[in-house]
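Coordinates as given in input.cif (mmCIF, N, CA and C atoms):
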data_query
loop_
_atom_site.group_PDB
_atom_site.id
_atom_site.type_symbol
_atom_site.label_atom_id
_atom_site.label_comp_id
_atom_site.auth_asym_id
_atom_site.auth_seq_id
_atom_site.Cartn_x
_atom_site.Cartn_y
_atom_site.Cartn_z
ATOM 1 N N MET H 131 18.882 -2.433 -15.180
ATOM 2 C CA MET H 131 18.158 -1.789 -16.258
ATOM 3 C C MET H 131 17.189 -0.777 -15.652
ATOM 4 N N LYS H 132 17.153 0.419 -16.219
ATOM 5 C CA LYS H 132 16.250 1.474 -15.779
ATOM 6 C C LYS H 132 15.102 1.604 -16.776
ATOM 7 N N ARG H 133 13.923 1.968 -16.295
ATOM 8 C CA ARG H 133 12.782 2.255 -17.153
ATOM 9 C C ARG H 133 12.657 3.770 -17.284
ATOM 10 N N HIS H 134 12.286 4.219 -18.464
ATOM 11 C CA HIS H 134 12.165 5.662 -18.705
ATOM 12 C C HIS H 134 10.926 5.907 -19.559
ATOM 13 N N ALA H 135 10.138 6.896 -19.192
ATOM 14 C CA ALA H 135 8.945 7.244 -19.966
ATOM 15 C C ALA H 135 8.876 8.755 -20.132
ATOM 16 N N PHE H 136 8.360 9.162 -21.270
ATOM 17 C CA PHE H 136 8.199 10.591 -21.518
ATOM 18 C C PHE H 136 7.043 10.802 -22.494
ATOM 19 N N ALA H 137 6.567 12.040 -22.548
ATOM 20 C CA ALA H 137 5.436 12.389 -23.404
ATOM 21 C C ALA H 137 5.834 13.530 -24.333
ATOM 22 N N MET H 138 5.260 13.507 -25.539
ATOM 23 C CA MET H 138 5.437 14.560 -26.538
ATOM 24 C C MET H 138 4.068 14.780 -27.183
ATOM 25 N N ARG H 139 3.937 15.819 -28.017
ATOM 26 C CA ARG H 139 2.649 16.058 -28.679
ATOM 27 C C ARG H 139 2.819 16.244 -30.168
ATOM 28 N N LEU H 140 1.934 15.594 -30.900
ATOM 29 C CA LEU H 140 1.869 15.792 -32.341
ATOM 30 C C LEU H 140 0.983 16.993 -32.646
ATOM 31 N N LYS H 141 1.230 17.595 -33.778
ATOM 32 C CA LYS H 141 0.316 18.611 -34.277
ATOM 33 C C LYS H 141 -0.941 17.882 -34.771
ATOM 34 N N PRO H 142 -2.101 18.516 -34.695
ATOM 35 C CA PRO H 142 -3.340 17.852 -35.112
ATOM 36 C C PRO H 142 -3.249 17.314 -36.544
ATOM 37 N N GLY H 143 -3.763 16.093 -36.725
ATOM 38 C CA GLY H 143 -3.830 15.475 -38.032
ATOM 39 C C GLY H 143 -2.543 14.834 -38.517
ATOM 40 N N MET H 144 -1.531 14.733 -37.679
ATOM 41 C CA MET H 144 -0.227 14.230 -38.104
ATOM 42 C C MET H 144 0.062 12.783 -37.695
ATOM 43 N N ALA H 145 -0.878 12.126 -37.063
ATOM 44 C CA ALA H 145 -0.629 10.779 -36.534
ATOM 45 C C ALA H 145 -0.291 9.774 -37.632
ATOM 46 N N ASP H 146 -1.015 9.778 -38.726
ATOM 47 C CA ASP H 146 -0.756 8.796 -39.791
ATOM 48 C C ASP H 146 0.637 8.978 -40.393
ATOM 49 N N GLU H 147 1.017 10.209 -40.621
ATOM 50 C CA GLU H 147 2.346 10.461 -41.185
ATOM 51 C C GLU H 147 3.445 10.114 -40.168
ATOM 52 N N TYR H 148 3.219 10.405 -38.907
ATOM 53 C CA TYR H 148 4.185 10.046 -37.864
ATOM 54 C C TYR H 148 4.396 8.530 -37.851
ATOM 55 N N ARG H 149 3.316 7.791 -37.916
ATOM 56 C CA ARG H 149 3.404 6.324 -37.942
ATOM 57 C C ARG H 149 4.131 5.857 -39.202
ATOM 58 N N ARG H 150 3.797 6.446 -40.358
ATOM 59 C CA ARG H 150 4.444 6.056 -41.610
ATOM 60 C C ARG H 150 5.963 6.259 -41.533
ATOM 61 N N ARG H 151 6.380 7.384 -40.998
ATOM 62 C CA ARG H 151 7.818 7.643 -40.903
ATOM 63 C C ARG H 151 8.500 6.687 -39.928
ATOM 64 N N HIS H 152 7.823 6.352 -38.855
ATOM 65 C CA HIS H 152 8.422 5.410 -37.901
ATOM 66 C C HIS H 152 8.397 3.971 -38.418
ATOM 67 N N ASP H 153 7.462 3.654 -39.278
ATOM 68 C CA ASP H 153 7.466 2.324 -39.906
ATOM 69 C C ASP H 153 8.691 2.137 -40.789
ATOM 70 N N ALA H 154 9.272 3.236 -41.227
ATOM 71 C CA ALA H 154 10.471 3.204 -42.076
ATOM 72 C C ALA H 154 11.658 3.843 -41.346
ATOM 73 N N ILE H 155 11.751 3.582 -40.038
ATOM 74 C CA ILE H 155 12.805 4.209 -39.232
ATOM 75 C C ILE H 155 14.185 3.876 -39.797
ATOM 76 N N TRP H 156 15.072 4.817 -39.727
ATOM 77 C CA TRP H 156 16.411 4.660 -40.290
ATOM 78 C C TRP H 156 17.229 3.683 -39.456
ATOM 79 N N PRO H 157 17.864 2.703 -40.056
ATOM 80 C CA PRO H 157 18.699 1.745 -39.311
ATOM 81 C C PRO H 157 19.803 2.429 -38.511
ATOM 82 N N GLU H 158 20.379 3.509 -39.039
ATOM 83 C CA GLU H 158 21.441 4.199 -38.306
ATOM 84 C C GLU H 158 20.914 4.890 -37.045
ATOM 85 N N LEU H 159 19.635 5.264 -37.044
ATOM 86 C CA LEU H 159 19.027 5.843 -35.844
ATOM 87 C C LEU H 159 18.817 4.760 -34.788
ATOM 88 N N VAL H 160 18.363 3.596 -35.213
ATOM 89 C CA VAL H 160 18.205 2.468 -34.290
ATOM 90 C C VAL H 160 19.557 2.112 -33.672
ATOM 91 N N ARG H 161 20.607 2.072 -34.500
ATOM 92 C CA ARG H 161 21.957 1.776 -33.983
ATOM 93 C C ARG H 161 22.389 2.801 -32.948
ATOM 94 N N GLU H 162 22.122 4.066 -33.214
ATOM 95 C CA GLU H 162 22.505 5.119 -32.271
ATOM 96 C C GLU H 162 21.802 4.923 -30.934
ATOM 97 N N HIS H 163 20.514 4.607 -30.968
ATOM 98 C CA HIS H 163 19.787 4.352 -29.718
ATOM 99 C C HIS H 163 20.412 3.170 -28.969
ATOM 100 N N ARG H 164 20.682 2.101 -29.672
ATOM 101 C CA ARG H 164 21.283 0.927 -29.016
ATOM 102 C C ARG H 164 22.660 1.253 -28.466
ATOM 103 N N ASP H 165 23.442 2.031 -29.216
ATOM 104 C CA ASP H 165 24.777 2.427 -28.748
ATOM 105 C C ASP H 165 24.704 3.274 -27.482
ATOM 106 N N CYS H 166 23.591 3.981 -27.299
ATOM 107 C CA CYS H 166 23.392 4.790 -26.086
ATOM 108 C C CYS H 166 22.811 3.970 -24.932
ATOM 109 N N GLY H 167 22.592 2.672 -25.161
ATOM 110 C CA GLY H 167 22.065 1.811 -24.106
ATOM 111 C C GLY H 167 20.557 1.824 -23.996
ATOM 112 N N ILE H 168 19.871 2.194 -25.083
ATOM 113 C CA ILE H 168 18.414 2.271 -25.094
ATOM 114 C C ILE H 168 17.862 1.014 -25.762
ATOM 115 N N HIS H 169 16.890 0.355 -25.088
ATOM 116 C CA HIS H 169 16.295 -0.891 -25.580
ATOM 117 C C HIS H 169 14.789 -0.877 -25.354
ATOM 118 N N ASP H 170 14.101 -1.814 -25.979
ATOM 119 C CA ASP H 170 12.676 -2.032 -25.720
ATOM 120 C C ASP H 170 11.907 -0.707 -25.768
ATOM 121 N N TYR H 171 12.095 0.029 -26.858
ATOM 122 C CA TYR H 171 11.556 1.375 -27.021
ATOM 123 C C TYR H 171 10.215 1.286 -27.746
ATOM 124 N N SER H 172 9.178 1.814 -27.133
ATOM 125 C CA SER H 172 7.844 1.856 -27.735
ATOM 126 C C SER H 172 7.286 3.261 -27.623
ATOM 127 N N ILE H 173 6.472 3.633 -28.611
ATOM 128 C CA ILE H 173 5.769 4.911 -28.565
ATOM 129 C C ILE H 173 4.285 4.606 -28.790
ATOM 130 N N PHE H 174 3.445 5.134 -27.922
ATOM 131 C CA PHE H 174 1.994 4.963 -28.002
ATOM 132 C C PHE H 174 1.364 6.317 -28.309
ATOM 133 N N PHE H 175 0.179 6.286 -28.907
ATOM 134 C CA PHE H 175 -0.504 7.522 -29.305
ATOM 135 C C PHE H 175 -1.877 7.606 -28.665
ATOM 136 N N ASP H 176 -2.176 8.758 -28.070
ATOM 137 C CA ASP H 176 -3.499 9.048 -27.518
ATOM 138 C C ASP H 176 -4.189 10.022 -28.474
ATOM 139 N N ALA H 177 -5.100 9.502 -29.296
ATOM 140 C CA ALA H 177 -5.753 10.313 -30.324
ATOM 141 C C ALA H 177 -6.618 11.430 -29.735
ATOM 142 N N ALA H 178 -7.093 11.267 -28.517
ATOM 143 C CA ALA H 178 -7.951 12.290 -27.913
ATOM 144 C C ALA H 178 -7.175 13.573 -27.600
ATOM 145 N N THR H 179 -5.853 13.447 -27.386
ATOM 146 C CA THR H 179 -5.050 14.614 -27.004
ATOM 147 C C THR H 179 -3.855 14.852 -27.917
ATOM 148 N N ASP H 180 -3.687 14.019 -28.948
ATOM 149 C CA ASP H 180 -2.515 14.072 -29.836
ATOM 150 C C ASP H 180 -1.203 13.886 -29.061
ATOM 151 N N THR H 181 -1.290 13.181 -27.945
ATOM 152 C CA THR H 181 -0.113 12.958 -27.110
ATOM 153 C C THR H 181 0.563 11.644 -27.468
ATOM 154 N N LEU H 182 1.873 11.701 -27.555
ATOM 155 C CA LEU H 182 2.709 10.506 -27.721
ATOM 156 C C LEU H 182 3.262 10.143 -26.362
ATOM 157 N N PHE H 183 3.152 8.892 -26.000
ATOM 158 C CA PHE H 183 3.711 8.373 -24.757
ATOM 159 C C PHE H 183 4.814 7.406 -25.147
ATOM 160 N N ALA H 184 6.030 7.689 -24.736
ATOM 161 C CA ALA H 184 7.174 6.851 -25.082
ATOM 162 C C ALA H 184 7.693 6.145 -23.842
ATOM 163 N N PHE H 185 8.078 4.895 -24.033
ATOM 164 C CA PHE H 185 8.638 4.082 -22.945
ATOM 165 C C PHE H 185 9.838 3.321 -23.496
ATOM 166 N N CYS H 186 10.901 3.268 -22.705
ATOM 167 C CA CYS H 186 12.059 2.475 -23.092
ATOM 168 C C CYS H 186 12.772 1.995 -21.845
ATOM 169 N N LYS H 187 13.683 1.075 -22.064
ATOM 170 C CA LYS H 187 14.564 0.607 -21.003
ATOM 171 C C LYS H 187 15.974 1.062 -21.335
ATOM 172 N N LEU H 188 16.693 1.446 -20.300
ATOM 173 C CA LEU H 188 18.063 1.917 -20.443
ATOM 174 C C LEU H 188 18.994 0.986 -19.689
ATOM 175 N N ASP H 189 20.120 0.632 -20.308
ATOM 176 C CA ASP H 189 21.160 -0.058 -19.551
ATOM 177 C C ASP H 189 21.474 0.796 -18.332
ATOM 178 N N ASP H 190 22.073 0.208 -17.309
ATOM 179 C CA ASP H 190 22.385 0.977 -16.105
ATOM 180 C C ASP H 190 23.219 2.213 -16.415
ATOM 181 N N ASP H 191 24.047 2.145 -17.455
ATOM 182 C CA ASP H 191 24.839 3.304 -17.845
ATOM 183 C C ASP H 191 24.268 3.992 -19.088
ATOM 184 N N GLY H 192 23.067 3.588 -19.519
ATOM 185 C CA GLY H 192 22.427 4.162 -20.697
ATOM 186 C C GLY H 192 21.882 5.548 -20.407
ATOM 187 N N THR H 193 21.853 6.381 -21.457
ATOM 188 C CA THR H 193 21.391 7.750 -21.280
ATOM 189 C C THR H 193 20.957 8.363 -22.608
ATOM 190 N N PHE H 194 20.099 9.350 -22.531
ATOM 191 C CA PHE H 194 19.721 10.155 -23.682
ATOM 192 C C PHE H 194 20.617 11.392 -23.791
ATOM 193 N N ALA H 195 21.486 11.603 -22.827
ATOM 194 C CA ALA H 195 22.232 12.850 -22.696
ATOM 195 C C ALA H 195 23.001 13.253 -23.954
ATOM 196 N N GLY H 196 23.671 12.325 -24.623
ATOM 197 C CA GLY H 196 24.476 12.680 -25.781
ATOM 198 C C GLY H 196 23.712 12.749 -27.088
ATOM 199 N N MET H 197 22.470 12.334 -27.084
ATOM 200 C CA MET H 197 21.718 12.258 -28.330
ATOM 201 C C MET H 197 21.520 13.609 -29.021
ATOM 202 N N PRO H 198 21.300 14.713 -28.300
ATOM 203 C CA PRO H 198 21.120 15.995 -29.001
ATOM 204 C C PRO H 198 22.342 16.435 -29.811
ATOM 205 N N GLU H 199 23.487 15.841 -29.556
ATOM 206 C CA GLU H 199 24.704 16.193 -30.291
ATOM 207 C C GLU H 199 24.946 15.281 -31.484
ATOM 208 N N ASP H 200 24.214 14.198 -31.614
ATOM 209 C CA ASP H 200 24.449 13.218 -32.665
ATOM 210 C C ASP H 200 23.835 13.684 -33.990
ATOM 211 N N ASP H 201 24.592 13.572 -35.075
ATOM 212 C CA ASP H 201 24.130 14.030 -36.382
ATOM 213 C C ASP H 201 22.907 13.271 -36.884
ATOM 214 N N VAL H 202 22.861 11.954 -36.676
ATOM 215 C CA VAL H 202 21.706 11.164 -37.122
ATOM 216 C C VAL H 202 20.453 11.594 -36.367
ATOM 217 N N VAL H 203 20.584 11.793 -35.070
ATOM 218 C CA VAL H 203 19.445 12.220 -34.247
ATOM 219 C C VAL H 203 18.974 13.602 -34.691
ATOM 220 N N LYS H 204 19.905 14.510 -34.937
ATOM 221 C CA LYS H 204 19.527 15.851 -35.393
ATOM 222 C C LYS H 204 18.787 15.800 -36.725
ATOM 223 N N ARG H 205 19.244 14.944 -37.638
ATOM 224 C CA ARG H 205 18.568 14.806 -38.930
ATOM 225 C C ARG H 205 17.141 14.246 -38.758
ATOM 226 N N TRP H 206 16.995 13.250 -37.865
ATOM 227 C CA TRP H 206 15.677 12.659 -37.595
ATOM 228 C C TRP H 206 14.731 13.702 -37.013
ATOM 229 N N TRP H 207 15.235 14.481 -36.071
ATOM 230 C CA TRP H 207 14.398 15.525 -35.479
ATOM 231 C C TRP H 207 13.954 16.531 -36.532
ATOM 232 N N LYS H 208 14.863 16.944 -37.387
ATOM 233 C CA LYS H 208 14.521 17.898 -38.441
ATOM 234 C C LYS H 208 13.489 17.292 -39.394
ATOM 235 N N TYR H 209 13.674 16.024 -39.732
ATOM 236 C CA TYR H 209 12.764 15.309 -40.628
ATOM 237 C C TYR H 209 11.345 15.262 -40.063
ATOM 238 N N ASN H 210 11.211 15.187 -38.761
ATOM 239 C CA ASN H 210 9.905 15.070 -38.113
ATOM 240 C C ASN H 210 9.393 16.371 -37.514
ATOM 241 N N ALA H 211 10.116 17.459 -37.647
ATOM 242 C CA ALA H 211 9.742 18.719 -37.005
ATOM 243 C C ALA H 211 8.405 19.262 -37.496
ATOM 244 N N ASP H 212 8.024 18.933 -38.712
ATOM 245 C CA ASP H 212 6.748 19.428 -39.230
ATOM 246 C C ASP H 212 5.546 18.698 -38.632
ATOM 247 N N LEU H 213 5.787 17.597 -37.938
ATOM 248 C CA LEU H 213 4.700 16.775 -37.407
ATOM 249 C C LEU H 213 4.378 17.039 -35.940
ATOM 250 N N MET H 214 5.331 17.609 -35.219
ATOM 251 C CA MET H 214 5.171 17.707 -33.770
ATOM 252 C C MET H 214 5.670 19.046 -33.247
ATOM 253 N N TYR H 215 5.328 19.319 -32.009
ATOM 254 C CA TYR H 215 5.786 20.551 -31.379
ATOM 255 C C TYR H 215 7.254 20.375 -31.000
ATOM 256 N N CYS H 216 8.080 21.334 -31.429
ATOM 257 C CA CYS H 216 9.534 21.219 -31.259
ATOM 258 C C CYS H 216 10.131 22.523 -30.742
ATOM 259 N N HIS H 217 11.318 22.396 -30.174
ATOM 260 C CA HIS H 217 12.125 23.555 -29.807
ATOM 261 C C HIS H 217 12.765 24.123 -31.079
ATOM 262 N N ASP H 218 13.424 25.252 -30.968
ATOM 263 C CA ASP H 218 14.059 25.888 -32.128
ATOM 264 C C ASP H 218 15.100 24.994 -32.803
ATOM 265 N N ASP H 219 15.709 24.066 -32.046
ATOM 266 C CA ASP H 219 16.719 23.160 -32.624
ATOM 267 C C ASP H 219 16.093 21.871 -33.173
ATOM 268 N N ASN H 220 14.772 21.835 -33.309
ATOM 269 C CA ASN H 220 13.977 20.695 -33.812
ATOM 270 C C ASN H 220 13.837 19.560 -32.814
ATOM 271 N N ARG H 221 14.405 19.690 -31.639
ATOM 272 C CA ARG H 221 14.239 18.676 -30.588
ATOM 273 C C ARG H 221 12.775 18.700 -30.150
ATOM 274 N N PRO H 222 12.119 17.531 -30.099
ATOM 275 C CA PRO H 222 10.710 17.523 -29.701
ATOM 276 C C PRO H 222 10.508 18.098 -28.295
ATOM 277 N N VAL H 223 9.462 18.887 -28.153
ATOM 278 C CA VAL H 223 9.071 19.344 -26.819
ATOM 279 C C VAL H 223 8.536 18.118 -26.095
ATOM 280 N N GLY H 224 9.100 17.823 -24.972
ATOM 281 C CA GLY H 224 8.676 16.642 -24.225
ATOM 282 C C GLY H 224 8.842 16.853 -22.735
ATOM 283 N N ARG H 225 8.284 15.931 -22.007
ATOM 284 C CA ARG H 225 8.429 15.983 -20.548
ATOM 285 C C ARG H 225 8.569 14.556 -20.035
ATOM 286 N N ASP H 226 9.483 14.382 -19.100
ATOM 287 C CA ASP H 226 9.653 13.078 -18.477
ATOM 288 C C ASP H 226 8.430 12.774 -17.621
ATOM 289 N N LEU H 227 8.084 11.510 -17.545
ATOM 290 C CA LEU H 227 6.966 11.074 -16.725
ATOM 291 C C LEU H 227 7.488 10.326 -15.516
ATOM 292 N N VAL H 228 6.811 10.491 -14.397
ATOM 293 C CA VAL H 228 7.218 9.860 -13.153
ATOM 294 C C VAL H 228 6.498 8.524 -12.999
ATOM 295 N N GLU H 229 7.256 7.484 -12.761
ATOM 296 C CA GLU H 229 6.661 6.165 -12.559
ATOM 297 C C GLU H 229 5.962 6.133 -11.201
ATOM 298 N N VAL H 230 4.701 5.728 -11.196
ATOM 299 C CA VAL H 230 3.952 5.625 -9.946
ATOM 300 C C VAL H 230 3.589 4.189 -9.608
ATOM 301 N N PHE H 231 3.765 3.284 -10.570
ATOM 302 C CA PHE H 231 3.471 1.876 -10.322
ATOM 303 C C PHE H 231 4.213 1.047 -11.343
ATOM 304 N N HIS H 232 4.675 -0.125 -10.910
ATOM 305 C CA HIS H 232 5.314 -1.076 -11.806
ATOM 306 C C HIS H 232 5.036 -2.485 -11.293
ATOM 307 N N MET H 233 4.763 -3.385 -12.236
ATOM 308 C CA MET H 233 4.561 -4.790 -11.882
ATOM 309 C C MET H 233 5.266 -5.641 -12.909
ATOM 310 N N ASP H 234 6.105 -6.556 -12.471
ATOM 311 C CA ASP H 234 6.740 -7.521 -13.374
ATOM 312 C C ASP H 234 5.829 -8.702 -13.588
#

Could I get this structure in the form of structure tokens?
Amino acid sequence: MKRHAFAMRLKPGMADEYRRRHDAIWPELVREHRDCGIHDYSIFFDAATDTLFAFCKLDDDGTFAGMPEDDVVKRWWKYNADLMYCHDDNRPVGRDLVEVFHMD
């Protein structure tokens, strides 16, 4: 199992709506993540910087690579594009984070 972390940014004042939408996450989106080998997915919010910190575990063959082509993922990105900084295709602007420490 691999660990993966990345950061994204919300637009100011959008944290409550972002949380509300994720509280009602679409079951088909959850299935797509699991089908891609993604598990134990959490997103944390830093209110001082409007930064989202995401962490998940990937099966050894798990990947995010095919997700930008998936219709459910594209719909979710479009649905949330008004809340966060996104590319022209509604994919959230994000950056992978480098693990510097881990303890089991």

* **Residues in the PyMOL selection byres ((chain H and resi 170) around 7), expressed as a list in words** => Ile168, His169, Tyr171, Ser172, Phe185, Cys186 and Lys187 of chain H

* Asked: Of the candidates H:Arg139, H:His163, H:Lys208, H:His217, which shows the shortest atom-to-atom distance to Ala195 in chain H, using only C-alpha atoms?
  ->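 When distances to Ala195 in chain H are compared using only C-alpha atoms, the smallest one comes from H:His163.
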
* Would you please work out which residue, of H:Asp218, H:Val223, H:Cys166, H:Phe183, is nearest to Ala135 in chain H when using all atoms listed in the file? => H:Phe183

* To do: Write out as a PyMOL selection string which residues come within 7 Å of Trp207 in chain H when counting all atoms listed in the file, dropping same-chain ones fewer than 2 positions away.
  => chain H and resi 202-205+209-212+219-222

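Of the residues listed (H:His232, H:Arg149, H:Arg161, H:Lys141), H:Lys141 shows the shortest atom-to-atom separation from Met214 in chain H; distances use only C-alpha atoms.
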
* **Phe175 in chain H environment, 8 Å, only N, CA and C atoms, sequence neighbours closer than 6 positions dropped, as a ChimeraX atom specification** => /H:145,181-184

* as a PyMOL selection string, list the residues of range 131-231 of chain H assigned to alpha helix (DSSP H) by DSSP on the backbone atoms of this structure. => chain H and resi 145-153+157-165+201-210

* Leu213 in chain H: which residues within 7 Å, counting only C-alpha atoms, same-chain residues fewer than 6 positions away excluded, as a list in words? ->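 Here the qualifying residues turn out to be Leu140, Lys141, Met144 and Tyr148 of chain H.
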
Chain and number of each residue from the PyMOL selection byres (((chain H and resi 229 and name CA) around 12) and name CA), as a short mmCIF file (atom, residue, chain, number, x, y, z; two decimals) with N, CA and C atoms, in the frame of the given file:
data_model
loop_
_atom_site.label_atom_id
_atom_site.label_comp_id
_atom_site.auth_asym_id
_atom_site.auth_seq_id
_atom_site.Cartn_x
_atom_site.Cartn_y
_atom_site.Cartn_z
N LYS H 132 17.15 0.42 -16.22
CA LYS H 132 16.25 1.47 -15.78
C LYS H 132 15.10 1.60 -16.78
N ARG H 133 13.92 1.97 -16.30
CA ARG H 133 12.78 2.26 -17.15
C ARG H 133 12.66 3.77 -17.28
N HIS H 134 12.29 4.22 -18.46
CA HIS H 134 12.16 5.66 -18.70
C HIS H 134 10.93 5.91 -19.56
N ALA H 135 10.14 6.90 -19.19
CA ALA H 135 8.94 7.24 -19.97
C ALA H 135 8.88 8.76 -20.13
N PHE H 136 8.36 9.16 -21.27
CA PHE H 136 8.20 10.59 -21.52
C PHE H 136 7.04 10.80 -22.49
N PHE H 185 8.08 4.89 -24.03
CA PHE H 185 8.64 4.08 -22.94
C PHE H 185 9.84 3.32 -23.50
N ASP H 226 9.48 14.38 -19.10
CA ASP H 226 9.65 13.08 -18.48
C ASP H 226 8.43 12.77 -17.62
N LEU H 227 8.08 11.51 -17.55
CA LEU H 227 6.97 11.07 -16.73
C LEU H 227 7.49 10.33 -15.52
N VAL H 228 6.81 10.49 -14.40
CA VAL H 228 7.22 9.86 -13.15
C VAL H 228 6.50 8.52 -13.00
N VAL H 230 4.70 5.73 -11.20
CA VAL H 230 3.95 5.62 -9.95
C VAL H 230 3.59 4.19 -9.61
N PHE H 231 3.76 3.28 -10.57
CA PHE H 231 3.47 1.88 -10.32
C PHE H 231 4.21 1.05 -11.34
N HIS H 232 4.68 -0.12 -10.91
CA HIS H 232 5.31 -1.08 -11.81
C HIS H 232 5.04 -2.48 -11.29
N MET H 233 4.76 -3.38 -12.24
CA MET H 233 4.56 -4.79 -11.88
C MET H 233 5.27 -5.64 -12.91
#

* Structure fact -> Between atom N of Ala137 in chain H and atom N of His152 in chain H lies a distance of 17.3 Å

* **Point-to-point distance in Å for atom C of Leu188 in chain H and atom N of Glu158 in chain H** =>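 These atoms are spaced 19.6 Å apart.
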
* Based on DSSP run over this structure's backbone, return all residues of chain H in strand (DSSP E or B), as a ChimeraX atom specification. => /H:132-140,168-176,181-188,214,216,222,224-226

Mind dumping range 171-187 of chain H from that block, keeping N, CA, C and O atoms, as a compact mmCIF listing (two decimals), in the first residue's frame?
# COMPACT_ATOMS: atom_id res chain seq x y z
N TYR H 171 -9.30 7.75 2.45
CA TYR H 171 -9.14 9.08 1.87
C TYR H 171 -9.71 10.11 2.84
O TYR H 171 -10.87 10.04 3.22
N SER H 172 -8.89 11.06 3.23
CA SER H 172 -9.32 12.15 4.11
C SER H 172 -8.88 13.48 3.52
O SER H 172 -7.85 13.56 2.85
N ILE H 173 -9.68 14.51 3.78
CA ILE H 173 -9.31 15.87 3.37
C ILE H 173 -9.42 16.74 4.62
O ILE H 173 -10.43 16.72 5.33
N PHE H 174 -8.37 17.51 4.89
CA PHE H 174 -8.32 18.42 6.03
C PHE H 174 -8.29 19.85 5.50
O PHE H 174 -7.84 20.10 4.38
N PHE H 175 -8.74 20.78 6.33
CA PHE H 175 -8.82 22.19 5.92
C PHE H 175 -8.02 23.07 6.86
O PHE H 175 -8.18 22.99 8.07
N ASP H 176 -7.19 23.94 6.29
CA ASP H 176 -6.44 24.94 7.04
C ASP H 176 -7.11 26.29 6.79
O ASP H 176 -6.95 26.89 5.72
N ALA H 177 -7.91 26.75 7.76
CA ALA H 177 -8.68 27.98 7.59
C ALA H 177 -7.80 29.22 7.45
O ALA H 177 -8.21 30.21 6.84
N ALA H 178 -6.59 29.18 7.96
CA ALA H 178 -5.71 30.35 7.87
C ALA H 178 -5.25 30.62 6.43
O ALA H 178 -4.97 31.77 6.08
N THR H 179 -5.22 29.56 5.60
CA THR H 179 -4.72 29.71 4.23
C THR H 179 -5.71 29.24 3.17
O THR H 179 -5.38 29.28 1.98
N ASP H 180 -6.89 28.77 3.59
CA ASP H 180 -7.88 28.18 2.68
C ASP H 180 -7.31 26.97 1.92
O ASP H 180 -7.75 26.65 0.82
N THR H 181 -6.34 26.31 2.54
CA THR H 181 -5.71 25.16 1.91
C THR H 181 -6.38 23.86 2.34
O THR H 181 -6.68 23.67 3.52
N LEU H 182 -6.61 23.01 1.37
CA LEU H 182 -7.09 21.64 1.62
C LEU H 182 -5.90 20.72 1.56
O LEU H 182 -5.09 20.79 0.62
N PHE H 183 -5.76 19.86 2.54
CA PHE H 183 -4.71 18.85 2.57
C PHE H 183 -5.40 17.50 2.46
O PHE H 183 -6.25 17.16 3.28
N ALA H 184 -5.09 16.76 1.42
CA ALA H 184 -5.72 15.46 1.19
C ALA H 184 -4.70 14.35 1.39
O ALA H 184 -3.53 14.48 1.01
N PHE H 185 -5.16 13.27 1.99
CA PHE H 185 -4.32 12.09 2.22
C PHE H 185 -5.14 10.85 1.89
O PHE H 185 -6.32 10.77 2.22
N CYS H 186 -4.50 9.90 1.22
CA CYS H 186 -5.16 8.63 0.94
C CYS H 186 -4.12 7.54 0.84
O CYS H 186 -2.91 7.80 0.78
N LYS H 187 -4.61 6.32 0.84
CA LYS H 187 -3.76 5.16 0.60
C LYS H 187 -4.17 4.56 -0.73
O LYS H 187 -5.35 4.55 -1.09
